[in-house]
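Asks: Structure file work.csv, CSV, C-alpha atoms, is pasted below:
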```
chain,number,residue,atom,x,y,z
A,59,MET,CA,3.5,8.1,14.9
A,60,ASP,CA,7.0,6.8,15.7
A,61,ILE,CA,8.9,6.1,12.5
A,62,GLU,CA,12.2,4.4,12.2
A,63,ILE,CA,13.9,4.2,8.8
A,64,ASP,CA,17.0,2.2,8.1
A,65,TRP,CA,18.6,3.3,4.8
A,66,THR,CA,21.1,1.0,3.1
A,67,VAL,CA,23.0,2.1,0.0
A,68,SER,CA,24.8,-0.6,-1.9
A,69,VAL,CA,28.1,-0.1,-3.7
A,70,ALA,CA,26.2,-0.2,-7.0
A,71,GLY,CA,23.9,2.7,-5.8
A,72,ALA,CA,20.8,0.7,-4.9
A,73,VAL,CA,18.9,2.2,-2.0
A,74,THR,CA,16.9,0.1,0.4
A,75,ALA,CA,14.5,1.7,2.9
A,76,ASN,CA,13.3,-0.5,5.8
A,77,ILE,CA,10.5,1.5,7.5
A,78,LEU,CA,9.0,0.5,10.8
A,79,VAL,CA,6.0,2.5,12.1
A,80,LYS,CA,4.2,2.4,15.4
A,81,ARG,CA,1.0,4.5,15.1
A,82,ASN,CA,-0.8,6.0,18.1
A,83,MET,CA,-4.3,4.9,17.3
A,84,GLU,CA,-5.6,8.3,18.3
A,85,PHE,CA,-3.8,9.6,15.2
A,86,PRO,CA,-6.2,10.2,12.3
A,87,GLN,CA,-6.7,7.5,9.7
A,88,LEU,CA,-4.1,7.7,7.0
A,89,PRO,CA,-5.0,8.2,3.3
A,90,ARG,CA,-1.8,6.4,2.3
A,91,PHE,CA,1.7,5.6,3.6
A,92,GLY,CA,4.9,5.4,1.7
A,93,LEU,CA,7.8,7.2,0.0
A,94,ARG,CA,7.8,9.8,-2.7
A,95,VAL,CA,10.8,10.3,-4.9
A,96,PHE,CA,11.5,12.9,-7.6
A,97,LEU,CA,13.2,11.3,-10.6
A,98,PRO,CA,14.4,12.8,-13.9
A,99,ASN,CA,11.5,14.0,-16.1
A,100,GLU,CA,12.7,11.9,-19.0
A,101,LEU,CA,11.9,8.6,-17.2
A,102,GLU,CA,8.6,8.3,-19.1
A,103,GLN,CA,8.3,4.6,-20.0
A,104,VAL,CA,6.7,2.5,-17.2
A,105,THR,CA,6.7,-1.3,-16.8
A,106,TYR,CA,5.3,-3.0,-13.7
A,107,TYR,CA,4.1,-6.4,-12.4
A,108,GLY,CA,0.9,-5.9,-10.4
A,109,LEU,CA,-2.7,-5.0,-10.7
A,110,GLY,CA,-3.5,-3.3,-14.0
A,111,PRO,CA,-4.0,-2.2,-16.7
A,112,VAL,CA,-6.4,0.3,-15.1
A,113,GLU,CA,-5.8,2.3,-12.0
A,114,ASN,CA,-7.0,0.5,-8.8
A,115,TYR,CA,-7.4,1.0,-5.1
A,116,PRO,CA,-8.3,-1.4,-2.2
A,117,ASP,CA,-12.1,-0.8,-2.8
A,118,LYS,CA,-11.9,-0.2,-6.6
A,119,ARG,CA,-10.2,-3.1,-8.4
A,120,HIS,CA,-12.7,-5.3,-10.1
A,121,ALA,CA,-11.6,-4.3,-13.6
A,122,ALA,CA,-7.9,-5.0,-12.7
A,123,TYR,CA,-5.9,-8.2,-12.9
A,124,HIS,CA,-2.3,-9.3,-12.2
A,125,GLY,CA,0.1,-9.1,-15.1
A,126,ILE,CA,3.1,-7.3,-16.6
A,127,PHE,CA,2.0,-3.9,-18.0
A,128,THR,CA,3.7,-1.1,-19.8
A,129,ASP,CA,2.5,2.5,-20.3
A,130,THR,CA,3.9,6.0,-20.1
A,131,VAL,CA,3.8,8.3,-17.1
A,132,ASN,CA,1.4,10.5,-19.1
A,133,GLY,CA,-0.6,7.4,-20.0
A,134,LEU,CA,-1.0,6.5,-16.4
A,135,HIS,CA,-2.5,9.9,-15.6
A,136,GLU,CA,-6.2,9.9,-15.0
A,137,ASP,CA,-7.9,13.1,-15.9
A,138,TYR,CA,-9.2,14.1,-12.5
A,139,ILE,CA,-7.5,15.9,-9.6
A,140,SER,CA,-8.6,13.9,-6.5
A,141,PRO,CA,-7.6,11.7,-5.0
A,142,GLN,CA,-4.0,12.6,-5.2
A,143,GLU,CA,-3.0,9.0,-5.7
A,144,ASN,CA,-4.2,9.5,-9.2
A,145,GLY,CA,-3.4,6.5,-11.4
A,146,ALA,CA,-2.4,4.1,-8.6
A,147,HIS,CA,-1.6,0.5,-9.2
A,148,GLY,CA,-1.6,-2.0,-6.3
A,149,GLU,CA,-0.2,-5.4,-5.4
A,150,CYS,CA,3.0,-4.7,-7.4
A,151,ASP,CA,6.2,-6.7,-7.1
A,152,TYR,CA,8.2,-4.2,-9.1
A,153,VAL,CA,7.9,-1.0,-11.2
A,154,SER,CA,10.5,0.2,-13.6
A,155,LEU,CA,10.7,3.7,-15.2
A,156,GLU,CA,13.1,4.3,-18.0
A,157,SER,CA,14.4,6.5,-20.7
A,158,SER,CA,16.9,5.9,-23.5
A,159,SER,CA,19.8,6.2,-21.1
A,160,LEU,CA,18.5,5.4,-17.6
A,161,ARG,CA,16.3,2.9,-15.7
A,162,VAL,CA,15.1,3.1,-12.1
A,163,THR,CA,13.4,0.0,-10.7
A,164,ALA,CA,11.6,-0.3,-7.3
A,165,ILE,CA,11.0,-3.8,-5.9
A,166,GLY,CA,9.5,-4.9,-2.6
A,167,PRO,CA,9.3,-8.2,-0.8
A,168,GLU,CA,5.6,-7.6,-0.2
A,169,GLY,CA,3.2,-6.1,-2.7
A,170,PHE,CA,3.2,-2.3,-2.8
A,171,SER,CA,1.2,0.4,-4.6
A,172,PHE,CA,2.7,3.0,-6.9
A,173,ASN,CA,1.8,5.9,-9.0
A,174,ALA,CA,3.9,7.9,-11.3
A,175,SER,CA,3.1,11.4,-12.5
A,176,HIS,CA,4.5,14.7,-13.7
A,177,PHE,CA,2.3,16.5,-11.1
A,178,THR,CA,3.0,16.7,-7.4
A,179,GLN,CA,0.3,15.9,-4.9
A,180,GLU,CA,0.5,19.5,-3.8
A,181,GLU,CA,-0.3,20.6,-7.3
A,182,LEU,CA,-3.3,18.3,-7.5
A,183,THR,CA,-4.5,19.5,-4.1
A,184,GLN,CA,-4.1,23.2,-4.9
A,185,LYS,CA,-5.8,23.3,-8.3
A,186,ASN,CA,-9.6,23.1,-8.9
A,187,HIS,CA,-9.5,22.2,-12.6
A,188,ASN,CA,-7.4,19.9,-14.7
A,189,TYR,CA,-6.6,22.6,-17.2
A,190,GLU,CA,-4.8,24.6,-14.4
A,191,LEU,CA,-2.3,21.8,-13.7
A,192,GLU,CA,1.3,22.6,-14.2
A,193,GLU,CA,4.0,19.8,-14.6
A,194,CYS,CA,6.7,20.0,-11.9
A,195,GLY,CA,9.7,19.2,-14.2
A,196,SER,CA,10.3,15.7,-12.6
A,197,THR,CA,8.7,12.3,-12.7
A,198,VAL,CA,7.2,11.9,-9.3
A,199,LEU,CA,7.2,8.3,-8.2
A,200,CYS,CA,5.2,7.3,-5.1
A,201,LEU,CA,5.9,3.9,-3.6
A,202,ASP,CA,3.2,3.1,-1.0
A,203,TYR,CA,2.9,0.5,1.6
A,204,ARG,CA,-0.9,0.8,1.3
A,205,HIS,CA,-3.7,3.2,0.5
A,206,ASN,CA,-7.0,3.8,2.1
A,207,GLY,CA,-9.9,3.0,-0.2
A,208,ILE,CA,-11.4,5.7,-2.3
A,209,GLY,CA,-14.9,5.6,-0.8
A,210,SER,CA,-15.7,7.9,2.1
A,211,ASN,CA,-18.5,9.3,4.0
A,212,SER,CA,-18.4,12.7,2.2
A,213,CYS,CA,-21.5,11.7,0.3
A,214,GLY,CA,-22.4,8.3,1.8
A,215,PRO,CA,-21.5,5.7,4.4
A,216,ASP,CA,-18.1,5.6,6.1
A,217,LEU,CA,-15.4,3.5,4.4
A,218,MET,CA,-15.6,-0.2,5.3
A,219,LYS,CA,-13.0,-1.3,7.8
A,220,THR,CA,-11.4,-3.8,5.3
A,221,TYR,CA,-10.5,-0.8,3.0
A,222,ARG,CA,-9.0,1.5,5.6
A,223,LEU,CA,-5.4,2.0,6.3
A,224,ASP,CA,-5.8,1.6,10.1
A,225,ASP,CA,-2.7,-0.4,10.9
A,226,ALA,CA,-1.3,0.1,14.3
A,227,THR,CA,2.2,-1.0,13.0
A,228,ILE,CA,3.6,-0.8,9.5
A,229,ASP,CA,6.7,-2.8,8.4
A,230,PHE,CA,7.5,-1.6,4.8
A,231,THR,CA,10.6,-2.4,2.8
A,232,ILE,CA,11.3,-1.0,-0.7
A,233,ARG,CA,14.5,-1.2,-2.8
A,234,ILE,CA,15.3,1.4,-5.5
A,235,ILE,CA,17.8,0.3,-8.1
A,236,PRO,CA,19.3,2.8,-10.6
A,237,GLU,CA,20.8,1.5,-13.9
A,238,ILE,CA,22.6,3.5,-16.6
A,239,LYS,CA,21.9,1.8,-19.9
```
Written as structure tokens, how would this file's structure read?
Replies:
Amino acid sequence: MDIEIDWTVSVAGAVTANILVKRNMEFPQLPRFGLRVFLPNELEQVTYYGLGPVENYPDKRHAAYHGIFTDTVNGLHEDYISPQENGAHGECDYVSLESSSLRVTAIGPEGFSFNASHFTQEELTQKNHNYELEECGSTVLCLDYRHNGIGSNSCGPDLMKTYRLDDATIDFTIRIIPEIK
């Protein structure tokens, strides 16, 4: 993959990432593509406009609908370890995480997917049981261009093409805006 990222930081501290990707089509199918940021652990309150209130993926979204939703990072956690996109919400215009003194908002010109957790993807991958999970001390916010669907051929047919992240090129822009309250 050839990846070009243009980072722009505003005077107010907002960070915009313009990400252009050209993927060699011999490269394996991607499970997801995006950014992961580690935020202060106290950013627990989540508000977003997108698909909700339940987690959703390209091939698992019939119970979701567009709206403004609020929850906590802990409330977004689904009690299973895989996939590591645990608690994802797609087709979002924005997501905002806040505490009593700080707010961080991510916006994108195109719909994006996010998940917020107190567990890293590495932690979810390494552990076999939920009771073994250890919080990382941060709020982990993943801002994704797109995800592969959840279905796979591990116990059935291959994932349908419409649900695969098979893009030869990716053009993803996301802006992260910090605000002291």
Asks: In file coordinates, which residues lie within 7 Å of (4.4, 1.8, -17.3) using only C-alpha atoms, given as a count of residues only?
Replies: 10
Asks: To one decimal in Å, tell me the separation between CA of Thr220 in chain A and CA of Gly125 in chain A.
Replies: 24.0 Å
Asks: Leaving out Gly169 in chain A and any residue of its chain fewer than 5 positions from it, which residues lie within 7 Å of it when counting all atoms listed in the file, given as number ranges by chain?
Replies: A: 149-151
Asks: Please determine, counting only C-alpha atoms, which residue among A:Glu168, A:Glu100, A:Glu143, A:Glu237 has the shortest atom-to-atom distance to Glu113 in chain A.
Replies: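 Of the candidates, the smallest distance to Glu113 in chain A is held by A:Glu143.
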Asks: As an exercise, work out the distance from CA of Glu102 in chain A to CA of Ala174 in chain A in Å and give it to one decimal place.
Replies: 9.1 Å
Asks: Kindly indicate which residue among A:Cys194, A:Leu93, A:Ala226, A:Ile235 lies nearest to Glu180 in chain A, using all atoms listed in the file for the distances.
Replies: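 For Glu180 in chain A, the nearest of the candidates is A:Cys194.
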